[in-house]
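Here the structure comes first, spelled out in structure tokens, and everything after it is commentary.
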Amino acid sequence: MLTYPQIGLMKQRFGQFRWVQVLKRNPFSVRRRSPLDNIYHCCVQKTGSQWIRALFSDPRVFQYSGLTPYSYQLFQPGGSDPRLLCERKIETAFPRKTIGVGIYIDYPSYAAIPKPAEFRTVFIMRDPRDIVVSAYFSQRYSHQVMGTLDERRKKLNEVSESEGIRMIVEKMRRSTLFQALGSWVGSDRQDERVRLVKYEDLIGPDKMEHFRILFQHCCIELPDGILGSLMDDYSFEKMSGRKPGQEDRQSHLRKGAAGDWRNHFDDAVAEEFYRITGNLVKDLGYDD
């Protein structure tokens, strides 16, 4: 079995199209097939989306589902979707027997995607305060420079941390991220095929059980040994070389711990955040 670093290098080398072909060849023969035609991995930014994308793209998931990863954004001009999260209308159905990975979208736009009869959806949420802090450090230090990030990074390094975090809060308001995040509240009650998953549960002490439930919802039956190896290969320790809570601000995998917002929200940041987001924290099921 290939190691996680080898898999990552292969995906970078082959790209999505050839990677799908690699998955379909030996030694990745399908052992169990999911009855689903599509799975939709929906999210907003800074909710572990690249991590979950990598998990769903792992050969072992293919072996026990027969589903290949699919990113609709690669088919957009420039290979990305520049629209606001709440304006991402997708009018074309995804290819059958695929997992739509990393769909950054609000619930109404997701609901309008043409779907087959057999599908499941997971939406990964996260405490929006941690989303803000994670985005601040990513945009200040570690995120690949693209678009206007270089100019924003210079500005973030010129102002105080408090002012910089408030800049991120305002940017997320304009990008409709908070609006998109809140739009998923109650969606699992409207449609039992939708499951809301907290990022914090996926990195917590009971992560094995939460991932088991996630895969079961997606009709992917992973043996415990396979699930355990996935959890180990994609653990924060294995991917970063550090224990959760040990911070490296220059790394995209900065800290690997929930609740870090408490270390960075001063009164000015908290006032601005709650003015813009209202009851979003509580609506998502997070406590102060």
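Identifiers in the structure tokens: chain A, B, ... in order shown; residue index from 1 per chain; ligand index from 1 in order shown.
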- Message: Can you tell me which residues surround stretch 170-176 of chain A at a distance of at most 12 Å, considering only C-alpha atoms, apart from same-chain residues fewer than 5 positions away, and format the answer as a ChimeraX atom specification?
- Response: /A:44-46,82-88,104-106,128-129,131-133,135-136,139,149,152,163-165,181-183,269,272-278
ask   = Residues of stretch 101-288 of chain A in strand (DSSP E or B) according to DSSP, as an NGL selection string?
value = :A and (101-104 or 119-125 or 194-198)
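The closest residue to A:Gly186, picked from A:Cys219, A:Val30, A:Ile99, A:Leu284 and counting only C-alpha atoms, is A:Leu284.
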**Study point:** Near-A:Ile124 list (7 Å; only C-alpha atoms; drop same-chain fewer than 6 positions) as a VMD selection string
**Key:** chain A and resid 42 to 43 47 196 to 199
key: Residue contacts of A:His41 (12 Å, only C-alpha atoms) excluding same-chain residues fewer than 6 positions away, as a PyMOL selection string   = chain A and resi 47-57+69-72+98-105+110+119-125+194-197+214-215+217-218
Pull N, CA and C atoms from the residues just selected and write them as a compact mmCIF listing (two decimals), in the first residue's frame.
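And here's out06.txt as it stands now:
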```
# COMPACT_ATOMS: atom_id res chain seq x y z
N THR A 47 -12.15 24.60 6.76
CA THR A 47 -12.84 23.55 7.51
C THR A 47 -12.17 22.19 7.23
N GLY A 48 -10.87 22.21 7.01
CA GLY A 48 -10.15 20.97 6.73
C GLY A 48 -10.49 20.41 5.37
N SER A 49 -10.85 21.26 4.44
CA SER A 49 -11.36 20.79 3.15
C SER A 49 -10.32 20.00 2.36
N GLN A 50 -9.06 20.46 2.36
CA GLN A 50 -8.02 19.74 1.63
C GLN A 50 -7.73 18.39 2.28
N TRP A 51 -7.84 18.33 3.58
CA TRP A 51 -7.64 17.09 4.34
C TRP A 51 -8.73 16.08 4.00
N ILE A 52 -9.99 16.51 4.03
CA ILE A 52 -11.11 15.63 3.72
C ILE A 52 -11.07 15.23 2.25
N ARG A 53 -10.69 16.16 1.38
CA ARG A 53 -10.54 15.85 -0.04
C ARG A 53 -9.51 14.72 -0.22
N ALA A 54 -8.39 14.82 0.50
CA ALA A 54 -7.36 13.80 0.38
C ALA A 54 -7.86 12.45 0.88
N LEU A 55 -8.60 12.45 1.97
CA LEU A 55 -9.16 11.21 2.49
C LEU A 55 -10.09 10.55 1.48
N PHE A 56 -11.02 11.33 0.93
CA PHE A 56 -11.97 10.79 -0.04
C PHE A 56 -11.26 10.35 -1.33
N SER A 57 -10.09 10.90 -1.61
CA SER A 57 -9.35 10.56 -2.83
C SER A 57 -8.37 9.41 -2.62
N PRO A 69 -12.72 10.51 -7.11
CA PRO A 69 -12.89 11.92 -6.75
C PRO A 69 -13.14 12.78 -7.98
N TYR A 70 -13.95 13.84 -7.77
CA TYR A 70 -14.30 14.75 -8.85
C TYR A 70 -14.36 16.16 -8.30
N SER A 71 -13.63 17.07 -8.91
CA SER A 71 -13.66 18.48 -8.50
C SER A 71 -14.23 19.31 -9.64
N TYR A 72 -15.46 19.82 -9.46
CA TYR A 72 -16.10 20.58 -10.53
C TYR A 72 -15.33 21.84 -10.86
N THR A 98 -18.96 9.14 -8.67
CA THR A 98 -17.90 10.04 -8.23
C THR A 98 -18.23 10.64 -6.87
N ILE A 99 -17.19 11.09 -6.21
CA ILE A 99 -17.31 11.86 -4.97
C ILE A 99 -16.94 13.30 -5.29
N GLY A 100 -17.91 14.19 -5.23
CA GLY A 100 -17.63 15.61 -5.44
C GLY A 100 -16.88 16.14 -4.23
N VAL A 101 -15.61 16.45 -4.40
CA VAL A 101 -14.77 16.84 -3.27
C VAL A 101 -14.58 18.35 -3.23
N GLY A 102 -14.60 18.90 -2.03
CA GLY A 102 -14.30 20.32 -1.85
C GLY A 102 -15.26 21.23 -2.56
N ILE A 103 -16.58 21.04 -2.33
CA ILE A 103 -17.58 21.91 -2.95
C ILE A 103 -17.88 23.04 -1.98
N TYR A 104 -17.30 24.20 -2.22
CA TYR A 104 -17.49 25.37 -1.35
C TYR A 104 -18.77 26.06 -1.80
N ILE A 105 -19.81 25.98 -0.97
CA ILE A 105 -21.13 26.36 -1.47
C ILE A 105 -22.11 26.56 -0.31
N TYR A 110 -26.34 24.35 -3.31
CA TYR A 110 -26.14 22.90 -3.32
C TYR A 110 -27.44 22.18 -3.69
N PHE A 119 -27.77 9.23 -3.60
CA PHE A 119 -26.64 10.09 -3.25
C PHE A 119 -26.64 10.33 -1.75
N ARG A 120 -25.51 10.80 -1.27
CA ARG A 120 -25.39 11.27 0.11
C ARG A 120 -24.53 12.53 0.11
N THR A 121 -24.72 13.32 1.15
CA THR A 121 -24.00 14.59 1.27
C THR A 121 -23.49 14.76 2.68
N VAL A 122 -22.27 15.25 2.80
CA VAL A 122 -21.75 15.65 4.10
C VAL A 122 -21.33 17.12 4.00
N PHE A 123 -21.71 17.88 4.99
CA PHE A 123 -21.26 19.27 5.09
C PHE A 123 -20.39 19.38 6.32
N ILE A 124 -19.14 19.78 6.13
CA ILE A 124 -18.20 19.92 7.24
C ILE A 124 -18.26 21.36 7.75
N MET A 125 -18.68 21.52 8.99
CA MET A 125 -18.73 22.84 9.60
C MET A 125 -17.58 22.99 10.59
N VAL A 194 -28.50 14.28 3.95
CA VAL A 194 -27.50 15.27 4.32
C VAL A 194 -27.06 15.03 5.76
N ARG A 195 -25.77 15.04 5.99
CA ARG A 195 -25.25 14.92 7.35
C ARG A 195 -24.32 16.09 7.64
N LEU A 196 -24.57 16.78 8.75
CA LEU A 196 -23.71 17.87 9.19
C LEU A 196 -22.66 17.31 10.14
N VAL A 197 -21.41 17.62 9.87
CA VAL A 197 -20.30 17.06 10.62
C VAL A 197 -19.43 18.19 11.15
N LEU A 214 -19.34 8.92 9.53
CA LEU A 214 -19.31 9.67 8.27
C LEU A 214 -19.29 8.72 7.08
N PHE A 215 -18.39 7.73 7.11
CA PHE A 215 -18.29 6.80 5.99
C PHE A 215 -19.54 5.92 5.89
N HIS A 217 -22.55 6.85 6.64
CA HIS A 217 -23.55 7.70 6.01
C HIS A 217 -23.37 7.70 4.50
N CYS A 218 -22.12 7.65 4.06
CA CYS A 218 -21.81 7.65 2.63
C CYS A 218 -21.84 6.26 2.01
```
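Minimum atom-to-atom distance to A:Pro95, evaluated using only C-alpha atoms, belongs to A:Pro116 out of A:Gly285, A:Gly228, A:Pro116, A:Gly66.
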*as a PyMOL selection string, list the residues of stretch 63-217 of chain A assigned to alpha helix (DSSP H) by DSSP on the backbone atoms of this structure.*
chain A and resi 63+107-111+128-137+149-156+161-174+177-183+187-190+199-203+207-217
*Could you name the residues that touch stretch 224-227 of chain A at 10 Å or less, counting only C-alpha atoms, but leaving out those on the same chain fewer than 2 positions away, as a ChimeraX atom specification?*
/A:60-61,64,208-209,211-212,215,221-222,229-233
What does the file look like for those residues with N, CA and C atoms, as a PDB file, in the first residue's frame?
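This is the output file again.pdb:
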```pdb
ATOM      1  N   ARG A  60      -7.642   3.579  -0.844  1.00  0.00           N
ATOM      2  CA  ARG A  60      -8.376   2.646  -0.004  1.00  0.00           C
ATOM      3  C   ARG A  60      -9.862   2.962   0.020  1.00  0.00           C
ATOM      4  N   VAL A  61     -10.215   4.241  -0.056  1.00  0.00           N
ATOM      5  CA  VAL A  61     -11.627   4.609  -0.152  1.00  0.00           C
ATOM      6  C   VAL A  61     -12.188   4.145  -1.492  1.00  0.00           C
ATOM      7  N   TYR A  64     -13.049   0.440  -1.465  1.00  0.00           N
ATOM      8  CA  TYR A  64     -14.240   0.032  -0.730  1.00  0.00           C
ATOM      9  C   TYR A  64     -15.480   0.847  -1.117  1.00  0.00           C
ATOM     10  N   MET A 208     -12.087   8.467  15.443  1.00  0.00           N
ATOM     11  CA  MET A 208     -12.284   7.194  14.758  1.00  0.00           C
ATOM     12  C   MET A 208     -13.775   6.893  14.616  1.00  0.00           C
ATOM     13  N   GLU A 209     -14.533   7.060  15.695  1.00  0.00           N
ATOM     14  CA  GLU A 209     -15.964   6.786  15.670  1.00  0.00           C
ATOM     15  C   GLU A 209     -16.693   7.776  14.777  1.00  0.00           C
ATOM     16  N   PHE A 211     -15.500   9.390  12.166  1.00  0.00           N
ATOM     17  CA  PHE A 211     -15.221   9.052  10.773  1.00  0.00           C
ATOM     18  C   PHE A 211     -15.961   7.785  10.358  1.00  0.00           C
ATOM     19  N   ARG A 212     -16.102   6.828  11.262  1.00  0.00           N
ATOM     20  CA  ARG A 212     -16.861   5.622  10.947  1.00  0.00           C
ATOM     21  C   ARG A 212     -18.302   5.989  10.597  1.00  0.00           C
ATOM     22  N   PHE A 215     -18.394   7.726   7.114  1.00  0.00           N
ATOM     23  CA  PHE A 215     -18.295   6.797   5.989  1.00  0.00           C
ATOM     24  C   PHE A 215     -19.542   5.920   5.887  1.00  0.00           C
ATOM     25  N   GLU A 221     -18.237   1.055   3.305  1.00  0.00           N
ATOM     26  CA  GLU A 221     -17.986   0.126   4.397  1.00  0.00           C
ATOM     27  C   GLU A 221     -16.499  -0.182   4.485  1.00  0.00           C
ATOM     28  N   LEU A 222     -15.812   0.557   5.330  1.00  0.00           N
ATOM     29  CA  LEU A 222     -14.379   0.353   5.527  1.00  0.00           C
ATOM     30  C   LEU A 222     -14.152  -0.578   6.713  1.00  0.00           C
ATOM     31  N   SER A 229      -5.909   2.589   9.588  1.00  0.00           N
ATOM     32  CA  SER A 229      -4.717   2.998   8.836  1.00  0.00           C
ATOM     33  C   SER A 229      -4.921   4.350   8.173  1.00  0.00           C
ATOM     34  N   LEU A 230      -6.146   4.619   7.715  1.00  0.00           N
ATOM     35  CA  LEU A 230      -6.445   5.941   7.147  1.00  0.00           C
ATOM     36  C   LEU A 230      -6.269   7.028   8.202  1.00  0.00           C
ATOM     37  N   MET A 231      -6.841   6.785   9.390  1.00  0.00           N
ATOM     38  CA  MET A 231      -6.751   7.770  10.455  1.00  0.00           C
ATOM     39  C   MET A 231      -5.300   8.036  10.843  1.00  0.00           C
ATOM     40  N   ASP A 232      -4.496   6.987  10.813  1.00  0.00           N
ATOM     41  CA  ASP A 232      -3.081   7.155  11.160  1.00  0.00           C
ATOM     42  C   ASP A 232      -2.340   7.922  10.065  1.00  0.00           C
ATOM     43  N   ASP A 233      -2.557   7.533   8.807  1.00  0.00           N
ATOM     44  CA  ASP A 233      -1.835   8.166   7.710  1.00  0.00           C
ATOM     45  C   ASP A 233      -2.196   9.640   7.551  1.00  0.00           C
TER      46      ASP A 233
END
```
